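Undergrad: Provided herewith: start.txt, compact mmCIF, N, CA and C atoms.
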```
# COMPACT_ATOMS: atom_id res chain seq x y z
N MET A 1 113.91 123.46 93.27
CA MET A 1 112.93 123.53 94.33
C MET A 1 112.48 122.12 94.70
N PHE A 2 112.51 121.81 95.99
CA PHE A 2 112.07 120.51 96.47
C PHE A 2 110.87 120.69 97.39
N VAL A 3 110.02 119.67 97.47
CA VAL A 3 108.82 119.69 98.28
C VAL A 3 109.15 119.20 99.68
N LYS A 4 108.55 119.81 100.72
CA LYS A 4 108.79 119.43 102.11
C LYS A 4 107.69 118.48 102.59
N PHE A 5 108.07 117.51 103.43
CA PHE A 5 107.14 116.52 103.96
C PHE A 5 107.25 116.44 105.47
N LEU A 6 106.23 115.83 106.08
CA LEU A 6 106.32 115.45 107.48
C LEU A 6 107.43 114.42 107.64
N ASP A 7 107.81 114.11 108.89
CA ASP A 7 108.88 113.16 109.19
C ASP A 7 108.77 111.89 108.35
N GLU A 8 109.74 111.68 107.47
CA GLU A 8 109.72 110.54 106.56
C GLU A 8 109.87 109.21 107.27
N ASN A 9 110.44 109.20 108.48
CA ASN A 9 110.68 107.95 109.19
C ASN A 9 109.49 107.50 110.02
N ALA A 10 108.51 108.36 110.19
CA ALA A 10 107.33 108.01 110.99
C ALA A 10 106.44 107.03 110.25
N ASP A 11 105.72 106.23 111.01
CA ASP A 11 104.72 105.32 110.45
C ASP A 11 103.60 106.15 109.83
N LEU A 12 102.98 105.63 108.78
CA LEU A 12 101.92 106.37 108.11
C LEU A 12 100.80 106.75 109.07
N SER A 13 100.40 105.85 109.95
CA SER A 13 99.33 106.16 110.90
C SER A 13 99.69 107.37 111.75
N ASP A 14 100.95 107.44 112.20
CA ASP A 14 101.40 108.58 113.00
C ASP A 14 101.41 109.86 112.17
N LYS A 15 101.86 109.76 110.93
CA LYS A 15 101.88 110.94 110.05
C LYS A 15 100.47 111.46 109.82
N LEU A 16 99.53 110.55 109.59
CA LEU A 16 98.15 110.97 109.34
C LEU A 16 97.54 111.63 110.57
N GLU A 17 97.81 111.08 111.75
CA GLU A 17 97.29 111.66 112.98
C GLU A 17 97.82 113.08 113.18
N ALA A 18 99.07 113.33 112.79
CA ALA A 18 99.70 114.62 113.01
C ALA A 18 99.43 115.63 111.89
N ALA A 19 98.88 115.17 110.80
CA ALA A 19 98.74 116.03 109.62
C ALA A 19 97.67 117.10 109.80
N ASN A 20 97.98 118.25 109.27
CA ASN A 20 97.02 119.35 109.18
C ASN A 20 96.54 119.44 107.74
N GLU A 21 95.44 120.13 107.54
CA GLU A 21 94.97 120.34 106.17
C GLU A 21 96.08 120.98 105.35
N GLY A 22 96.28 120.49 104.15
CA GLY A 22 97.25 121.07 103.23
C GLY A 22 98.65 120.53 103.31
N GLU A 23 98.95 119.65 104.27
CA GLU A 23 100.29 119.08 104.38
C GLU A 23 100.43 117.85 103.49
N ASN A 24 101.57 117.75 102.82
CA ASN A 24 101.86 116.59 101.97
C ASN A 24 102.33 115.42 102.82
N ILE A 25 101.82 114.24 102.51
CA ILE A 25 102.26 113.01 103.14
C ILE A 25 102.64 112.05 102.02
N ARG A 26 103.87 111.62 102.01
CA ARG A 26 104.31 110.69 100.97
C ARG A 26 103.87 109.29 101.34
N LEU A 27 103.21 108.62 100.43
CA LEU A 27 102.76 107.25 100.65
C LEU A 27 103.81 106.28 100.13
N LYS A 28 103.96 105.17 100.81
CA LYS A 28 104.87 104.12 100.34
C LYS A 28 104.07 103.22 99.41
N VAL A 29 103.89 103.71 98.20
CA VAL A 29 103.13 103.01 97.17
C VAL A 29 104.11 102.68 96.05
N PHE A 30 104.09 101.44 95.60
CA PHE A 30 105.10 100.98 94.67
C PHE A 30 104.50 100.45 93.38
N PHE A 31 105.23 100.70 92.30
CA PHE A 31 104.84 100.26 90.97
C PHE A 31 106.09 99.69 90.30
N ASP A 32 105.90 98.76 89.38
CA ASP A 32 107.01 98.35 88.53
C ASP A 32 107.38 99.52 87.64
N SER A 33 108.62 99.54 87.19
CA SER A 33 109.09 100.61 86.32
C SER A 33 108.19 100.71 85.08
N ASN A 34 107.79 101.92 84.78
CA ASN A 34 106.95 102.23 83.62
C ASN A 34 105.57 101.56 83.65
N LYS A 35 105.11 101.15 84.84
CA LYS A 35 103.81 100.51 84.99
C LYS A 35 102.94 101.31 85.95
N SER A 36 101.64 101.08 85.88
CA SER A 36 100.72 101.76 86.79
C SER A 36 99.97 100.80 87.70
N ASN A 37 100.26 99.50 87.61
CA ASN A 37 99.61 98.53 88.50
C ASN A 37 100.26 98.58 89.87
N LEU A 38 99.44 98.65 90.92
CA LEU A 38 99.96 98.65 92.28
C LEU A 38 100.63 97.32 92.59
N LEU A 39 101.77 97.38 93.26
CA LEU A 39 102.42 96.16 93.72
C LEU A 39 101.81 95.76 95.07
N ASP A 40 101.85 94.47 95.37
CA ASP A 40 101.25 93.95 96.60
C ASP A 40 101.77 94.64 97.85
N LYS A 41 103.04 95.05 97.85
CA LYS A 41 103.60 95.67 99.05
C LYS A 41 103.04 97.07 99.31
N SER A 42 102.18 97.57 98.43
CA SER A 42 101.53 98.87 98.63
C SER A 42 100.25 98.75 99.44
N VAL A 43 99.71 97.56 99.56
CA VAL A 43 98.39 97.35 100.15
C VAL A 43 98.32 97.82 101.60
N GLU A 44 99.31 97.47 102.41
CA GLU A 44 99.28 97.84 103.82
C GLU A 44 99.19 99.35 103.99
N GLU A 45 99.97 100.08 103.24
CA GLU A 45 99.98 101.54 103.32
C GLU A 45 98.62 102.11 102.91
N LEU A 46 98.08 101.62 101.83
CA LEU A 46 96.79 102.13 101.37
C LEU A 46 95.66 101.74 102.31
N ASP A 47 95.76 100.58 102.93
CA ASP A 47 94.75 100.18 103.92
C ASP A 47 94.78 101.11 105.13
N LYS A 48 95.97 101.52 105.56
CA LYS A 48 96.08 102.48 106.67
C LYS A 48 95.42 103.80 106.30
N LEU A 49 95.62 104.22 105.07
CA LEU A 49 95.00 105.45 104.59
C LEU A 49 93.48 105.32 104.61
N CYS A 50 92.96 104.20 104.13
CA CYS A 50 91.51 103.96 104.14
C CYS A 50 90.97 104.00 105.57
N ASP A 51 91.65 103.31 106.48
CA ASP A 51 91.21 103.27 107.88
C ASP A 51 91.16 104.67 108.47
N PHE A 52 92.18 105.48 108.19
CA PHE A 52 92.22 106.85 108.70
C PHE A 52 91.06 107.67 108.15
N MET A 53 90.84 107.57 106.85
CA MET A 53 89.76 108.36 106.23
C MET A 53 88.40 107.97 106.79
N LYS A 54 88.21 106.69 107.05
CA LYS A 54 86.93 106.24 107.61
C LYS A 54 86.80 106.64 109.08
N LYS A 55 87.87 106.45 109.85
CA LYS A 55 87.84 106.75 111.29
C LYS A 55 87.52 108.22 111.55
N TYR A 56 88.12 109.11 110.76
CA TYR A 56 87.95 110.54 110.99
C TYR A 56 86.98 111.18 110.01
N ASN A 57 86.32 110.37 109.21
CA ASN A 57 85.37 110.87 108.22
C ASN A 57 85.95 112.06 107.44
N VAL A 58 87.15 111.87 106.92
CA VAL A 58 87.82 112.91 106.15
C VAL A 58 86.96 113.25 104.94
N LYS A 59 86.75 114.54 104.72
CA LYS A 59 85.81 114.99 103.70
C LYS A 59 86.40 115.06 102.29
N LEU A 60 87.67 115.48 102.18
CA LEU A 60 88.26 115.64 100.86
C LEU A 60 89.78 115.51 100.93
N VAL A 61 90.34 114.69 100.05
CA VAL A 61 91.79 114.55 99.96
C VAL A 61 92.22 114.68 98.51
N GLN A 62 93.48 114.98 98.35
CA GLN A 62 94.07 114.99 97.01
C GLN A 62 95.16 113.94 96.96
N ILE A 63 95.15 113.14 95.93
CA ILE A 63 96.20 112.15 95.67
C ILE A 63 96.97 112.65 94.47
N SER A 64 98.28 112.78 94.61
CA SER A 64 99.08 113.26 93.48
C SER A 64 100.17 112.26 93.14
N GLY A 65 100.39 112.11 91.85
CA GLY A 65 101.39 111.18 91.35
C GLY A 65 102.55 111.93 90.72
N HIS A 66 103.75 111.38 90.92
CA HIS A 66 104.97 112.02 90.44
C HIS A 66 105.89 110.97 89.82
N THR A 67 106.70 111.40 88.89
CA THR A 67 107.68 110.53 88.26
C THR A 67 109.06 111.17 88.35
N ASP A 68 110.07 110.42 87.96
CA ASP A 68 111.39 111.01 87.79
C ASP A 68 111.45 111.64 86.40
N SER A 69 112.61 112.11 86.00
CA SER A 69 112.71 112.81 84.71
C SER A 69 113.12 111.91 83.55
N GLN A 70 113.23 110.60 83.79
CA GLN A 70 113.57 109.68 82.71
C GLN A 70 112.37 109.55 81.78
N GLY A 71 112.59 109.65 80.49
CA GLY A 71 111.48 109.59 79.54
C GLY A 71 110.99 110.98 79.17
N SER A 72 110.05 111.03 78.26
CA SER A 72 109.55 112.33 77.80
C SER A 72 108.59 112.94 78.80
N ASP A 73 108.45 114.26 78.73
CA ASP A 73 107.50 114.97 79.60
C ASP A 73 106.09 114.42 79.42
N VAL A 74 105.70 114.20 78.19
CA VAL A 74 104.34 113.73 77.89
C VAL A 74 104.12 112.33 78.47
N TYR A 75 105.09 111.45 78.29
CA TYR A 75 104.97 110.09 78.83
C TYR A 75 104.89 110.12 80.35
N ASN A 76 105.76 110.90 81.00
CA ASN A 76 105.77 110.96 82.46
C ASN A 76 104.47 111.54 83.01
N GLN A 77 103.92 112.52 82.31
CA GLN A 77 102.63 113.08 82.73
C GLN A 77 101.55 111.99 82.70
N SER A 78 101.49 111.26 81.61
CA SER A 78 100.51 110.19 81.46
C SER A 78 100.71 109.09 82.50
N LEU A 79 101.96 108.71 82.73
CA LEU A 79 102.26 107.66 83.71
C LEU A 79 101.82 108.09 85.11
N SER A 80 102.11 109.33 85.48
CA SER A 80 101.71 109.80 86.82
C SER A 80 100.19 109.80 86.96
N GLU A 81 99.49 110.15 85.91
CA GLU A 81 98.02 110.13 85.95
C GLU A 81 97.49 108.71 86.08
N ARG A 82 98.06 107.77 85.34
CA ARG A 82 97.62 106.38 85.44
C ARG A 82 97.88 105.81 86.83
N ARG A 83 98.97 106.20 87.43
CA ARG A 83 99.29 105.70 88.77
C ARG A 83 98.32 106.23 89.82
N VAL A 84 97.97 107.50 89.75
CA VAL A 84 97.02 108.01 90.76
C VAL A 84 95.64 107.42 90.54
N ILE A 85 95.30 107.12 89.32
CA ILE A 85 94.01 106.46 89.06
C ILE A 85 94.02 105.06 89.68
N SER A 86 95.14 104.36 89.63
CA SER A 86 95.24 103.05 90.28
C SER A 86 95.02 103.17 91.79
N VAL A 87 95.61 104.20 92.39
CA VAL A 87 95.43 104.43 93.83
C VAL A 87 93.98 104.80 94.11
N ARG A 88 93.42 105.69 93.32
CA ARG A 88 92.01 106.07 93.51
C ARG A 88 91.11 104.85 93.42
N ASP A 89 91.33 104.01 92.43
CA ASP A 89 90.51 102.82 92.25
C ASP A 89 90.63 101.88 93.45
N TYR A 90 91.83 101.73 93.97
CA TYR A 90 92.02 100.88 95.15
C TYR A 90 91.20 101.43 96.32
N LEU A 91 91.30 102.74 96.55
CA LEU A 91 90.59 103.35 97.68
C LEU A 91 89.08 103.23 97.52
N THR A 92 88.57 103.45 96.32
CA THR A 92 87.12 103.34 96.12
C THR A 92 86.66 101.89 96.26
N ASN A 93 87.47 100.95 95.85
CA ASN A 93 87.12 99.53 96.05
C ASN A 93 87.11 99.14 97.52
N LYS A 94 87.78 99.93 98.36
CA LYS A 94 87.79 99.70 99.81
C LYS A 94 86.72 100.52 100.53
N GLY A 95 85.87 101.20 99.77
CA GLY A 95 84.73 101.89 100.38
C GLY A 95 84.86 103.39 100.53
N ILE A 96 85.92 103.99 99.99
CA ILE A 96 86.06 105.44 100.05
C ILE A 96 85.32 106.03 98.85
N SER A 97 84.45 107.00 99.11
CA SER A 97 83.66 107.61 98.04
C SER A 97 84.55 108.38 97.07
N LYS A 98 84.27 108.25 95.78
CA LYS A 98 85.01 109.02 94.77
C LYS A 98 84.86 110.52 95.01
N ASN A 99 83.75 110.93 95.62
CA ASN A 99 83.52 112.35 95.90
C ASN A 99 84.50 112.91 96.92
N LYS A 100 85.18 112.04 97.66
CA LYS A 100 86.16 112.47 98.65
C LYS A 100 87.58 112.50 98.10
N LEU A 101 87.73 112.13 96.84
CA LEU A 101 89.07 111.98 96.26
C LEU A 101 89.27 112.87 95.05
N LYS A 102 90.22 113.79 95.17
CA LYS A 102 90.71 114.52 94.00
C LYS A 102 92.02 113.86 93.63
N TYR A 103 92.33 113.81 92.37
CA TYR A 103 93.60 113.21 91.99
C TYR A 103 94.20 113.99 90.83
N ILE A 104 95.52 114.03 90.84
CA ILE A 104 96.23 114.78 89.82
C ILE A 104 97.60 114.14 89.59
N GLY A 105 98.00 114.10 88.35
CA GLY A 105 99.34 113.64 88.01
C GLY A 105 100.20 114.85 87.66
N TYR A 106 101.36 114.94 88.26
CA TYR A 106 102.27 116.06 88.01
C TYR A 106 103.43 115.68 87.10
N GLY A 107 103.54 114.42 86.75
CA GLY A 107 104.70 114.03 85.95
C GLY A 107 105.98 114.26 86.72
N GLU A 108 106.93 114.93 86.08
CA GLU A 108 108.27 115.12 86.66
C GLU A 108 108.51 116.52 87.20
N VAL A 109 107.48 117.38 87.26
CA VAL A 109 107.70 118.81 87.52
C VAL A 109 107.91 119.20 88.98
N LEU A 110 107.63 118.31 89.95
CA LEU A 110 107.80 118.65 91.36
C LEU A 110 108.72 117.65 92.06
N PRO A 111 110.01 117.65 91.73
CA PRO A 111 110.92 116.68 92.34
C PRO A 111 111.14 116.97 93.82
N VAL A 112 111.41 115.90 94.58
CA VAL A 112 111.81 116.04 95.98
C VAL A 112 113.30 115.80 96.14
N ALA A 113 113.96 115.38 95.07
CA ALA A 113 115.39 115.09 95.08
C ALA A 113 115.93 115.30 93.67
N THR A 114 117.23 115.20 93.56
CA THR A 114 117.86 115.34 92.25
C THR A 114 117.47 114.17 91.35
N ASN A 115 117.40 114.43 90.07
CA ASN A 115 117.17 113.37 89.09
C ASN A 115 118.49 112.88 88.48
N LYS A 116 119.62 113.32 89.04
CA LYS A 116 120.93 112.97 88.50
C LYS A 116 121.48 111.66 89.05
N THR A 117 120.82 111.11 90.09
CA THR A 117 121.28 109.85 90.68
C THR A 117 120.13 108.85 90.73
N PRO A 118 120.45 107.55 90.73
CA PRO A 118 119.38 106.55 90.86
C PRO A 118 118.57 106.71 92.15
N GLU A 119 119.25 107.06 93.24
CA GLU A 119 118.56 107.24 94.52
C GLU A 119 117.59 108.42 94.47
N GLY A 120 118.03 109.51 93.85
CA GLY A 120 117.16 110.67 93.72
C GLY A 120 115.96 110.39 92.84
N ARG A 121 116.21 109.70 91.73
CA ARG A 121 115.09 109.35 90.84
C ARG A 121 114.08 108.46 91.54
N GLN A 122 114.57 107.53 92.36
CA GLN A 122 113.66 106.67 93.10
C GLN A 122 112.79 107.49 94.04
N LEU A 123 113.36 108.47 94.72
CA LEU A 123 112.58 109.33 95.61
C LEU A 123 111.54 110.15 94.85
N ASN A 124 111.85 110.51 93.63
CA ASN A 124 110.92 111.32 92.84
C ASN A 124 109.75 110.51 92.28
N ARG A 125 109.90 109.20 92.19
CA ARG A 125 108.79 108.34 91.75
C ARG A 125 107.93 108.03 92.97
N ARG A 126 106.86 108.81 93.14
CA ARG A 126 106.11 108.72 94.39
C ARG A 126 104.64 109.07 94.19
N VAL A 127 103.86 108.73 95.22
CA VAL A 127 102.47 109.15 95.31
C VAL A 127 102.34 109.89 96.63
N GLU A 128 101.67 111.02 96.61
CA GLU A 128 101.46 111.82 97.81
C GLU A 128 99.97 111.95 98.10
N PHE A 129 99.70 112.24 99.35
CA PHE A 129 98.35 112.38 99.86
C PHE A 129 98.29 113.71 100.60
N LYS A 130 97.26 114.47 100.38
CA LYS A 130 97.09 115.74 101.08
C LYS A 130 95.64 115.85 101.55
N ILE A 131 95.46 116.14 102.84
CA ILE A 131 94.12 116.37 103.36
C ILE A 131 93.70 117.78 102.97
N LEU A 132 92.64 117.90 102.21
CA LEU A 132 92.14 119.21 101.80
C LEU A 132 91.05 119.71 102.74
N LYS A 133 90.27 118.78 103.30
CA LYS A 133 89.19 119.17 104.21
C LYS A 133 88.91 118.03 105.17
N LYS A 134 89.11 118.31 106.48
CA LYS A 134 88.84 117.28 107.51
C LYS A 134 87.38 117.27 107.86
```
Write out the structure in this file as structure tokens.

TA:
Amino acid sequence: MFVKFLDENADLSDKLEAANEGENIRLKVFFDSNKSNLLDKSVEELDKLCDFMKKYNVKLVQISGHTDSQGSDVYNQSLSERRVISVRDYLTNKGISKNKLKYIGYGEVLPVATNKTPEGRQLNRRVEFKILKK
């Protein structure tokens, strides 16, 4: 089972404008392998998310973290949780209230691609955003 997303080639701002409550939006958020620190190239994407949430006064969102299947289930669960906490912390440092952010780590249980290839594993290492209440 794979998860469906809005047009992957669209700019994040366009995806956010088109999103309905409950739709998954994959964020281009990057981490070093086995790390939870945000890489600098993630900032632009997260800033667009902050701008959108402020512009439309979004009431509640869910941030979910995912990993590939390399490593143990327990480790991947913990890693996904640490990564979403990094994203949450970035957003709150930019002025988004913690009350507007739900976050959950799913580990490796919701792949969007096969874990049998390097390309598939890379797609499965992701952070998603879902508007729960506009």

Undergrad: Would you please work out which residue, of A:Ser69, A:Glu44, A:Asn93, A:Cys50, is nearest to Gly120 in chain A when using only C-alpha atoms?

TA: A:Ser69

Undergrad: Can I get the residues of range 78-104 of chain A within 8 Å of range 121-134 of chain A, each with the closest pair of atoms and their distance in Å to one decimal, using only N, CA and C atoms, sorted chain first then ascending number, as CSV?

TA:
```
residue,atom,partner,partner_atom,distance
A:Ser80,CA,A:Arg126,C,8.0
A:Arg83,C,A:Val127,CA,7.5
A:Val84,CA,A:Val127,CA,7.2
```

Undergrad: Find the residue from A:Leu12, A:Lys100, A:Ala113, A:Glu17 that sits nearest to Leu60 in chain A; use all atoms listed in the file when measuring.

TA: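 Residue with the minimum atom-to-atom distance to Leu60 in chain A: A:Lys100.
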
Undergrad: DSSP on the backbone, then: every residue of chain A marked strand (DSSP E), written as a list in words.

TA: Asn24, Ile25, Arg26, Leu27, Leu60, Val61, Gln62, Ile63, Ser64, Gly65, His66, Leu101, Lys102, Tyr103, Ile104, Gly105, Tyr106, Gly107, Arg126, Val127, Glu128, Phe129, Lys130, Ile131, Leu132 and Lys133 of chain A

Undergrad: From the options A:Val87, A:Asp68, A:Gln77, A:Lys98, which residue's atoms come nearest to Pro118 in chain A, counting only C-alpha atoms?

TA: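 Closest to Pro118 in chain A, using only C-alpha atoms: A:Asp68.
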
Undergrad: Considering only C-alpha atoms, state which residue in the set A:Lys94, A:Met53, A:Ser13, A:Leu46 is at the smallest distance from Lys28 in chain A.

TA: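 With only C-alpha atoms as the atom set, the closest residue is A:Leu46.
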
Undergrad: In Å, how far is it from CA of Leu16 in chain A to CA of Thr92 in chain A?

TA: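 Taking CA of Leu16 in chain A as the start and CA of Thr92 in chain A as the end point, the length is 18.8 Å.
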
Undergrad: Quick one: distance from atom N of Asn37 in chain A to CA of Lys102 in chain A in Å, one decimal?

TA: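 Going from atom N of Asn37 in chain A over to CA of Lys102 in chain A covers 18.9 Å.
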
Undergrad: My list of candidates is A:Asn76, A:Gln70, A:Leu101, A:Asp89. Which is closest to Asn115 in chain A when distances are computed with all atoms listed in the file?

TA: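 Closest to Asn115 in chain A, using all atoms listed in the file: A:Gln70.
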
Undergrad: Find, counting only C-alpha atoms, the residue in A:Ser86, A:Asn20, A:Ser72, A:Ser36 that gets nearest to Tyr103 in chain A.

TA: A:Ser86

Undergrad: Can you measure CA of Lys35 in chain A to CA of Leu79 in chain A for me? One decimal in Å is fine.

TA: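 Result for CA of Lys35 in chain A versus CA of Leu79 in chain A: 7.4 Å, one decimal.
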
Undergrad: Once 8 Å is added on each side, what are the centre and the three edge lengths, in Å to one decimal, of the axis-aligned box enclosing the listed atoms of range 83-96 of chain A? Present them as AutoDock Vina command-line options.

TA:
```
--center_x 92.0 --center_y 103.6 --center_z 94.0 --size_x 30.6 --size_y 24.9 --size_z 29.1
```

Undergrad: Go through range 35-112 of chain A and collect every residue that DSSP, computed from the backbone, puts in helix (DSSP H, G or I); the answer should be as a PyMOL selection string.

TA: chain A and resi 40-55+73-93+98-100
